[in-house]
Structure formats: C-alpha cells, structure tokens
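So this one's my_file-v2.tsv, TSV, C-alpha atoms:
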chain	number	residue	atom	x	y	z
A	187	MET	CA	197.68	-21.91	63.82
A	188	LYS	CA	197.77	-24.94	66.10
A	189	LYS	CA	198.56	-28.00	63.98
A	190	LEU	CA	197.18	-31.48	64.61
A	191	ASP	CA	200.66	-32.91	64.08
A	192	ASP	CA	201.85	-30.93	67.12
A	193	ILE	CA	199.48	-32.86	69.41
A	194	PRO	CA	200.43	-36.33	70.72
A	195	LYS	CA	198.16	-38.87	69.05
A	196	GLN	CA	196.34	-40.25	72.06
A	197	HIS	CA	192.78	-40.08	73.33
A	198	PRO	CA	191.80	-39.19	76.89
A	199	PHE	CA	189.36	-42.07	77.41
A	200	ASN	CA	189.79	-44.87	79.95
A	201	VAL	CA	187.73	-47.81	81.14
A	202	PRO	CA	186.90	-49.36	84.52
A	203	ASP	CA	189.32	-52.00	85.76
A	204	ASP	CA	188.72	-55.49	84.35
A	205	TYR	CA	186.21	-54.15	81.83
A	206	PHE	CA	187.60	-56.17	78.93
A	207	ASP	CA	187.95	-59.28	81.12
A	208	LYS	CA	184.23	-59.17	81.89
A	209	LEU	CA	182.86	-58.02	78.53
A	210	PRO	CA	182.95	-61.43	76.77
A	211	GLY	CA	180.93	-62.94	79.62
A	212	LYS	CA	178.32	-60.20	79.40
A	213	VAL	CA	178.01	-60.68	75.65
A	214	GLN	CA	177.73	-64.46	76.01
A	215	ALA	CA	175.00	-64.05	78.63
A	216	ARG	CA	173.02	-61.92	76.19
A	217	VAL	CA	173.34	-64.21	73.21
A	218	GLN	CA	172.63	-67.38	75.19
A	219	GLY	CA	169.01	-66.73	75.94
A	220	SER	CA	169.05	-63.96	78.53
A	221	THR	CA	166.45	-61.30	77.85
A	222	LEU	CA	167.98	-58.80	75.49
A	223	ARG	CA	168.98	-55.63	77.20
A	224	SER	CA	167.26	-52.68	75.73
A	225	PRO	CA	169.46	-50.08	74.08
A	226	ALA	CA	170.59	-47.40	76.46
A	227	ILE	CA	168.00	-44.90	75.38
A	228	PHE	CA	164.96	-47.19	75.15
A	229	GLY	CA	163.82	-46.38	78.65
A	230	HIS	CA	163.94	-42.69	77.80
A	231	ALA	CA	162.47	-43.12	74.31
A	232	LEU	CA	159.02	-44.13	75.57
A	233	LYS	CA	158.87	-41.24	78.04
A	234	TYR	CA	159.82	-38.71	75.40
A	235	ALA	CA	157.58	-40.28	72.77
A	236	VAL	CA	154.57	-39.79	75.05
A	237	ALA	CA	155.65	-36.22	75.77
A	238	ALA	CA	156.14	-35.59	72.07
A	239	VAL	CA	152.61	-36.86	71.32
A	240	THR	CA	151.15	-34.56	73.96
A	241	VAL	CA	153.07	-31.58	72.68
A	242	ALA	CA	152.03	-32.49	69.12
A	243	VAL	CA	148.36	-32.57	70.15
A	244	VAL	CA	148.67	-29.17	71.81
A	245	ALA	CA	150.52	-27.85	68.76
A	246	PHE	CA	147.83	-29.27	66.50
A	247	VAL	CA	145.15	-27.51	68.49
A	248	TRP	CA	147.21	-24.35	68.15
A	249	PHE	CA	147.50	-25.02	64.43
A	250	TRP	CA	143.74	-25.28	64.12
A	251	THR	CA	143.31	-21.91	65.74
A	252	SER	CA	145.69	-20.14	63.35
A	253	PRO	CA	144.04	-17.57	61.13
A	254	ALA	CA	142.09	-19.46	58.46
A	255	THR	CA	140.42	-18.42	55.22
A	256	GLN	CA	136.82	-17.42	55.54
A	257	SER	CA	134.68	-20.47	54.98
A	258	ASP	CA	132.29	-22.80	56.78
A	259	SER	CA	134.93	-25.53	57.04
A	260	PRO	CA	135.51	-27.21	60.43
A	261	GLU	CA	138.96	-25.64	60.48
A	262	ALA	CA	137.48	-22.17	60.06
A	263	ILE	CA	134.97	-22.80	62.83
A	264	LEU	CA	137.67	-24.09	65.15
A	265	ALA	CA	139.90	-21.17	64.24
A	266	SER	CA	137.32	-18.83	65.66
A	267	ILE	CA	137.45	-20.56	69.06
A	268	ASP	CA	139.96	-19.41	71.65
A	269	THR	CA	142.81	-21.89	72.26
A	270	SER	CA	142.31	-21.93	76.02
A	271	GLU	CA	138.66	-22.87	75.51
A	272	LEU	CA	139.64	-25.74	73.22
A	273	VAL	CA	142.21	-27.05	75.69
A	274	ALA	CA	139.74	-26.75	78.56
A	275	TYR	CA	137.15	-28.65	76.51
A	276	LEU	CA	139.67	-31.45	75.83
A	277	ASN	CA	140.69	-31.61	79.48
A	278	GLU	CA	137.12	-31.77	80.77
A	279	GLY	CA	135.84	-34.16	78.14
A	280	ASP	CA	136.08	-37.92	77.96
A	281	ILE	CA	138.38	-37.89	74.94
A	282	THR	CA	141.75	-39.45	75.65
A	283	THR	CA	144.95	-38.52	73.87
A	284	ASP	CA	144.92	-41.86	72.06
A	285	GLU	CA	141.33	-41.37	70.86
A	286	LEU	CA	142.18	-37.90	69.63
A	287	LEU	CA	145.17	-39.17	67.68
A	288	ASP	CA	143.10	-41.99	66.19
A	289	GLU	CA	140.66	-39.44	64.77
A	290	LEU	CA	143.31	-37.21	63.29
A	291	HIS	CA	144.05	-37.85	59.64
A	292	LEU	CA	147.38	-36.15	59.25
A	293	ASP	CA	148.96	-35.81	55.85
A	294	ASN	CA	152.64	-35.04	55.32
A	295	GLU	CA	152.02	-31.30	55.28
A	296	ASP	CA	150.22	-31.49	58.62
A	297	VAL	CA	153.00	-33.56	60.15
A	298	ASN	CA	155.65	-31.14	58.90
A	299	GLN	CA	153.76	-28.18	60.34
A	300	ILE	CA	153.30	-29.90	63.69
A	301	GLU	CA	156.98	-30.83	63.82
A	302	GLY	CA	157.85	-27.22	63.04
A	303	ALA	CA	155.57	-25.99	65.82
A	304	VAL	CA	156.95	-28.52	68.30
A	305	PHE	CA	160.46	-27.69	67.25
A	306	ASN	CA	159.94	-24.05	68.16
A	307	LEU	CA	158.26	-24.74	71.50
A	308	HIS	CA	161.56	-25.21	73.35
A	309	VAL	CA	159.99	-27.34	76.07
A	310	ASN	CA	162.30	-27.66	79.04
A	311	ASP	CA	162.62	-30.71	81.30
A	312	THR	CA	160.39	-29.26	84.03
A	313	ASP	CA	157.53	-28.60	81.60
A	314	LEU	CA	158.08	-31.94	79.93
A	315	ASN	CA	157.76	-33.76	83.24
A	316	TYR	CA	154.62	-31.77	84.02
A	317	LEU	CA	153.12	-32.74	80.67
A	318	LEU	CA	153.95	-36.39	81.29
A	319	ASP	CA	152.15	-36.29	84.62
A	320	GLU	CA	149.08	-34.75	83.00
A	321	ILE	CA	148.74	-37.30	80.17
A	322	ASP	CA	145.73	-39.59	80.38
B	39	MET	CA	193.85	-67.06	65.42
B	40	GLU	CA	193.11	-66.47	61.74
B	41	ASP	CA	189.64	-65.21	60.81
B	42	LYS	CA	189.06	-68.28	58.68
B	43	GLU	CA	189.65	-70.55	61.65
B	44	LEU	CA	187.44	-68.37	63.87
B	45	LEU	CA	184.59	-68.57	61.37
B	46	SER	CA	185.01	-72.28	61.01
B	47	LYS	CA	184.63	-72.76	64.77
B	48	ILE	CA	181.59	-70.48	64.90
B	49	ARG	CA	179.86	-72.27	62.04
B	50	ASN	CA	180.36	-75.65	63.69
B	51	PRO	CA	177.42	-76.11	66.11
B	52	GLU	CA	179.65	-78.00	68.54
B	53	THR	CA	182.17	-75.18	68.85
B	54	ARG	CA	179.94	-72.21	68.08
B	55	ASN	CA	179.95	-70.69	71.56
B	56	TYR	CA	183.66	-71.23	71.99
B	57	GLY	CA	184.40	-69.74	68.57
B	58	PHE	CA	182.18	-66.74	69.17
B	59	ASN	CA	183.83	-66.13	72.53
B	60	LEU	CA	187.18	-66.11	70.77
B	61	LEU	CA	185.84	-63.62	68.23
B	62	VAL	CA	184.64	-61.31	71.00
B	63	ARG	CA	188.01	-61.47	72.74
B	64	GLU	CA	189.81	-60.84	69.46
B	65	TYR	CA	187.78	-57.79	68.43
B	66	GLN	CA	186.35	-56.34	71.65
B	67	LYS	CA	188.95	-53.63	72.13
B	68	ARG	CA	188.90	-52.45	68.54
B	69	VAL	CA	185.09	-52.37	68.52
B	70	TYR	CA	184.81	-50.70	71.91
B	71	TRP	CA	187.31	-47.93	71.21
B	72	HIS	CA	185.82	-47.29	67.77
B	73	ILE	CA	182.44	-46.77	69.45
B	74	ARG	CA	183.73	-44.98	72.53
B	75	LYS	CA	185.44	-42.28	70.50
B	76	MET	CA	182.08	-41.54	68.88
B	77	VAL	CA	179.74	-41.58	71.88
B	78	ILE	CA	182.23	-40.39	74.54
B	79	ASP	CA	180.37	-41.93	77.50
B	80	HIS	CA	181.64	-45.33	78.75
B	81	ASP	CA	178.21	-46.70	79.69
B	82	ASP	CA	176.78	-45.83	76.27
B	83	ALA	CA	179.82	-47.35	74.58
B	84	ASP	CA	179.43	-50.49	76.69
B	85	ASP	CA	175.78	-50.88	75.67
B	86	ILE	CA	176.47	-50.28	71.99
B	87	THR	CA	179.47	-52.63	72.01
B	88	GLN	CA	177.33	-55.40	73.45
B	89	ASP	CA	174.56	-54.64	70.95
B	90	THR	CA	177.17	-54.86	68.17
B	91	PHE	CA	178.38	-58.29	69.22
B	92	VAL	CA	174.83	-59.54	69.69
B	93	LYS	CA	174.13	-58.45	66.14
B	94	ILE	CA	177.33	-60.10	64.92
B	95	HIS	CA	176.22	-63.32	66.59
B	96	LYS	CA	172.82	-63.05	64.96
B	97	TYR	CA	174.10	-62.46	61.42
B	98	ILE	CA	177.47	-64.22	61.36
B	99	ASP	CA	176.01	-67.10	59.34
B	100	ASN	CA	175.10	-64.59	56.62
B	101	PHE	CA	178.65	-63.22	56.42
B	102	ARG	CA	179.71	-64.03	52.87
B	103	GLU	CA	183.47	-63.58	53.30
B	104	ASP	CA	183.58	-61.31	50.26
B	105	ALA	CA	185.02	-58.71	52.62
B	106	GLN	CA	187.44	-58.94	55.51
B	107	LEU	CA	185.81	-59.99	58.79
B	108	TYR	CA	187.01	-56.88	60.59
B	109	THR	CA	185.50	-54.70	57.81
B	110	TRP	CA	182.15	-56.36	58.36
B	111	ILE	CA	182.43	-56.04	62.14
B	112	TYR	CA	183.47	-52.39	61.92
B	113	ARG	CA	180.54	-51.72	59.60
B	114	ILE	CA	178.07	-53.13	62.14
B	115	ALA	CA	179.69	-51.15	64.97
B	116	THR	CA	179.63	-47.99	62.85
B	117	ASN	CA	175.94	-48.40	62.02
B	118	GLU	CA	175.07	-49.06	65.66
B	119	CYS	CA	176.92	-45.85	66.64
B	120	LEU	CA	175.27	-43.69	64.02
B	121	THR	CA	171.84	-45.12	64.83
B	122	PHE	CA	172.39	-44.40	68.52
B	123	LEU	CA	173.43	-40.80	67.87
B	124	GLN	CA	170.53	-40.23	65.48
B	125	LYS	CA	168.05	-41.59	68.02
B	126	LYS	CA	169.51	-39.33	70.68
B	127	LYS	CA	169.02	-36.29	68.48
B	128	ARG	CA	165.41	-37.24	67.72
B	129	ARG	CA	164.73	-37.95	71.38
B	130	PHE	CA	165.62	-34.41	72.34
B	131	LEU	CA	163.49	-32.92	69.52
B	132	LEU	CA	166.11	-30.19	69.60
B	133	PRO	CA	168.64	-28.89	67.11
B	134	ILE	CA	171.75	-30.97	66.51
B	135	GLY	CA	173.82	-28.46	68.49
B	136	ASP	CA	172.30	-29.69	71.73
B	137	LEU	CA	173.65	-33.22	71.32
B	138	GLU	CA	177.01	-31.55	70.74
B	139	GLY	CA	176.45	-29.74	74.05
B	140	GLU	CA	175.71	-33.00	75.83
B	141	LEU	CA	178.80	-34.71	74.44
B	142	THR	CA	180.92	-31.69	75.35
B	143	ALA	CA	179.54	-31.82	78.89
B	144	LYS	CA	180.47	-35.51	79.09
B	145	ILE	CA	184.03	-34.64	78.04
B	146	ASP	CA	184.18	-32.16	80.92
B	147	SER	CA	182.56	-34.34	83.56
B	148	SER	CA	183.02	-38.03	82.78
B	149	PRO	CA	185.00	-40.01	85.37
B	150	HIS	CA	186.38	-42.19	82.58
B	151	LEU	CA	188.26	-39.40	80.86
B	152	SER	CA	191.70	-38.15	81.74
B	153	GLY	CA	194.01	-36.17	79.59
B	154	ASP	CA	195.73	-32.85	79.33
B	155	GLU	CA	193.93	-29.74	78.26
B	156	ILE	CA	194.82	-29.96	74.60
B	157	GLN	CA	193.58	-33.57	74.37
B	158	LEU	CA	190.23	-32.58	75.86
B	159	LYS	CA	190.05	-29.57	73.56
B	160	LEU	CA	190.66	-31.86	70.60
B	161	GLN	CA	187.76	-34.06	71.69
B	162	LYS	CA	185.52	-30.99	71.96
B	163	ALA	CA	186.58	-29.99	68.46
B	164	LEU	CA	185.67	-33.45	67.23
B	165	VAL	CA	182.13	-33.49	68.63
B	166	ARG	CA	181.45	-30.33	66.64
B	167	LEU	CA	181.93	-32.30	63.42
B	168	PRO	CA	179.04	-34.09	61.70
B	169	ASP	CA	178.88	-37.71	62.86
B	170	LYS	CA	180.08	-39.29	59.64
B	171	GLN	CA	182.93	-36.84	59.26
B	172	ARG	CA	183.98	-37.51	62.84
B	173	LEU	CA	183.86	-41.21	62.16
B	174	VAL	CA	186.16	-40.87	59.15
B	175	PHE	CA	188.52	-38.67	61.13
B	176	ASN	CA	188.74	-41.19	64.00
B	177	MET	CA	189.47	-44.09	61.67
B	178	LYS	CA	192.11	-42.16	59.75
B	179	TYR	CA	193.78	-40.25	62.56
B	180	TYR	CA	193.53	-42.57	65.57
B	181	ASP	CA	193.21	-46.00	63.95
B	182	GLU	CA	195.54	-45.08	61.05
B	183	MET	CA	193.41	-47.00	58.60
B	184	SER	CA	193.95	-46.54	54.90
B	185	TYR	CA	191.36	-44.70	52.85
B	186	GLU	CA	190.63	-47.97	51.06
B	187	GLU	CA	189.85	-49.71	54.36
B	188	ILE	CA	187.65	-46.83	55.48
B	189	ALA	CA	185.90	-46.84	52.08
B	190	ALA	CA	185.05	-50.53	52.51
B	191	ILE	CA	183.59	-49.89	55.96
B	192	THR	CA	181.63	-46.74	55.15
B	193	GLU	CA	180.85	-47.62	51.52
B	194	THR	CA	182.03	-44.16	50.49
B	195	SER	CA	184.48	-43.33	47.72
B	196	VAL	CA	188.15	-42.76	48.54
B	197	GLY	CA	187.96	-39.30	46.98
B	198	ALA	CA	185.06	-38.26	49.20
B	199	LEU	CA	186.88	-39.61	52.26
B	200	LYS	CA	190.03	-37.65	51.46
B	201	ALA	CA	188.02	-34.46	51.07
B	202	SER	CA	186.11	-35.16	54.29
B	203	TYR	CA	189.29	-35.82	56.28
B	204	HIS	CA	191.08	-32.78	54.90
B	205	HIS	CA	188.09	-30.59	55.75
B	206	ALA	CA	187.85	-32.09	59.25
B	207	VAL	CA	191.51	-31.38	59.95
B	208	LYS	CA	191.09	-27.78	58.83
B	209	LYS	CA	188.05	-27.26	61.10
B	210	ILE	CA	189.80	-28.88	64.05
B	211	GLU	CA	192.95	-26.81	63.67
B	212	GLU	CA	190.87	-23.62	63.47
B	213	TYR	CA	189.07	-24.59	66.69
B	214	LEU	CA	192.31	-25.48	68.48
B	215	SER	CA	193.84	-22.15	67.50
B	216	ALA	CA	190.87	-20.10	68.70
Would you encode the structure as structure tokens?
Amino acid sequence: MKKLDDIPKQHPFNVPDDYFDKLPGKVQARVQGSTLRSPAIFGHALKYAVAAVTVAVVAFVWFWTSPATQSDSPEAILASIDTSELVAYLNEGDITTDELLDELHLDNEDVNQIEGAVFNLHVNDTDLNYLLDEID
Amino acid sequence: MEDKELLSKIRNPETRNYGFNLLVREYQKRVYWHIRKMVIDHDDADDITQDTFVKIHKYIDNFREDAQLYTWIYRIATNECLTFLQKKKRRFLLPIGDLEGELTAKIDSSPHLSGDEIQLKLQKALVRLPDKQRLVFNMKYYDEMSYEEIAAITETSVGALKASYHHAVKKIEEYLSA
C-alpha cells in the first residue's frame, strides 16, 4: 500500500509571475469604490438559472401528463392530453415562461418532484444552449 | 507586524487603507494557497481570494478579537470556498461526481500546475473527498495546523476532525495504491 508519508509534502500548483505583487492593488481597487466584481460563476449562474426554469417548466408539463387518478380534476384532464400537444399549445400561445411560473403554485412536494425529473433529464450543453435560444 | 498593531491601524480612519493593505500583504499567500488547494484553478482562486479580502474589509470592524485574527480570516476564506463549490454543483444540476470530474480535468490541463505523477495523483485523490473532509486534510497535512486550530476555524470538535483526517488518509492511500 502506497503510504502518504512516502510522498514529498508539496503541492503541484504555481501562480503567474508577480501575482502576489499585484494582488494587494487589485483588492484595494475593489474596496475603494470600484464596482464589485461578480463572483466567477455569476455570469454563468443567470444563464443556467434560465435554462433550469425552462427545463422545470417542461418537466412540470410532463409531470401533469403522468398517469393520474380518475377524477374531474384539472390534473386528470391535463393528464389525458398528449405532451406534444401541450408543448405545442404553450409555444403557439401568448403565455410567456414568466407568466406560466407566476400562475404555478408549487408546494414542496411539487418542487421535489420537478427537481427529481430535471435531475434525471441529463441535459447536455448543446441542448441547454438550444433551450436558452428558445426561451421567450 | 503584530495583529494588534495591524488592527489598530485599520480601525484608525486616517490609516485604514494603509493598515488594510498591510493586512492583505501579510495574509495573501496563506489565504490564496488555502483556497487554491480547494478549487484547483488559479483564476477561480484569484476571484475567491479577492472576494475574501473584500469581505474582511467589510466586516473587520465587527471582529471581536475573541479569536486569533488568522482564525477569523481563515474562516471567511473557508466559507467563501465552500460556498463557491456548492454553487458550482448546483449550477450543473448534476451529481456531485461531475464537479469532481471538472476538478480532475483541471488538474490534468491547467497551465498553473506542475508536478510529478504522484503529486498529481494525490491531487486527484483529494478531489474525490467531500469538500469539508478535503479542507481538513489540507489544513492538517499541508499547512500542518493543529487540530485545535482547525477546530477553531471549522467550528468542529477535535475528535471529529481526527476521525475525518484518519479516514481521509485511508481513502487517499487506497487510491494511490490502485
């Protein structure tokens, strides 16, 4: 068994030349009234948040069409409608994604089920970018 | 310069900027390397290091000196790191393993890494650990901090830290031997 004690205690990381000479100046610029730089991932966060909302809406529509108990409830009526017809209706209608989300009253169980559905969708970057382009 | 003197300069409006600059110069390397070992990528570490010092500047007047200054600074840096990694995981909406994949890819491809094969393999073993366990390992193994110092930073018991470190070492050695 390879032991940790057999390995020289050093890390493989390095930094650009003069990095530590310049860092104090960069920090001072930020604290002295420059606009705060956003955290590294902020620019990506908005893009992925929008994509996540779109995927959640699609997943919610899918959720509505899952087999439901026999009743006259709106969910039961929607469950009888084909998913592609629902999506086509949403695309052709005047309802925006924001309006749709405003009307949804999601409880914790709904949110958990949507997250589970989204989690299993395995959306790749190409599809994600396509979804972003299609969002109204 | 002693921490007490540093704080005194920072709390004096006339010398605040000068004092804070001294604080940054005093702690920048410790903060940066603490963060860098967690996030791997230099640009991410740079951003988080700056965010840490901005936060220190914002809250330094609230520092009550009931702990060492470096404990307080390390705690802010640690929280910034963990928040960053958590946000990255949520951003992907993918299992935790995929962030591990990204960090492993950075170990393989980053221009700001150089080291022999076993050093790189050790880093890959480390990114497989849960974030907090990796944090404890880094502070104990690389920074050679005492369990008491780590306990003050992470607000975890010494016993839990010892168990965490021992478990981390075991997992790492198994990975290195594979």
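Here the question is which of A:Ile263, A:Val247, A:Leu190, A:Ala242 gets nearest to chain B using all atoms listed in the file, and that residue is A:Leu190.
Our summary of the geometry notes that atom CA of A:Pro210 is positioned 21.2 Å from atom CA of B:Ile78.
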Report task. For A:His197, please output as a list in words all residues within 10 Å (counting all atoms listed in the file; exclusion window: fewer than 6 positions along the same chain). Result -> Trp71, Lys75, Leu151, Ser152, Gly153, Asp154, Gln157, Leu158, Leu160, Gln161 and Tyr180 of chain B
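With distances taken over all atoms listed in the file, B:Ala83 is the one residue among B:Leu173, B:Leu120, B:Ala83, B:Ile98 lying closest to chain A.
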Quick one: what's the axis-aligned box for stretch 146-151 of chain B, all listed atoms, 5 Å on every side, centre and edges in Å to one decimal, as lines of an AutoDock Vina configuration file?
center_x = 185.4
center_y = -37.2
center_z = 83.1
size_x = 15.7
size_y = 20.0
size_z = 14.5
**Report entry** Atom pair atom CA of B:Val62 / atom CA of B:Glu118: separation (Å)
**Finding:** 16.4 Å
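Counting from atom CA of A:Pro202, the distance to atom CA of B:Glu182 is 25.4 Å.
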Report summary line: One residue among B:Glu64, B:Asp104, B:Glu138, B:Asp82 is nearest to B:Pro168 when using only C-alpha atoms, and that residue is B:Glu138
**Report entry** Residue contacts of B:Lys200 (10 Å, only C-alpha atoms) excluding same-chain residues fewer than 4 positions away, as a PyMOL selection string
**Finding:** chain B and resi 174-175+178+185+195-196+204-206
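With only C-alpha atoms as the atoms that count, the minimum distance from chain B to the choices A:Asp203, A:Gly211, A:Ile267, A:Lys188 is reached by A:Lys188.
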Requested in this report: Show me as a PyMOL selection string the residues that reach within 9 Å of (175.8, -64.6, 69.5), counting all atoms listed in the file and using the file's own coordinates.
Outcome: (chain A and resi 213-214+216-218) or (chain B and resi 54-55+58-59+91-98)
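Of the listed residues (B:Ser215, B:Thr53, B:Thr121, B:Asn176), B:Ser215 comes nearest to B:Lys159; the distances count all atoms listed in the file.
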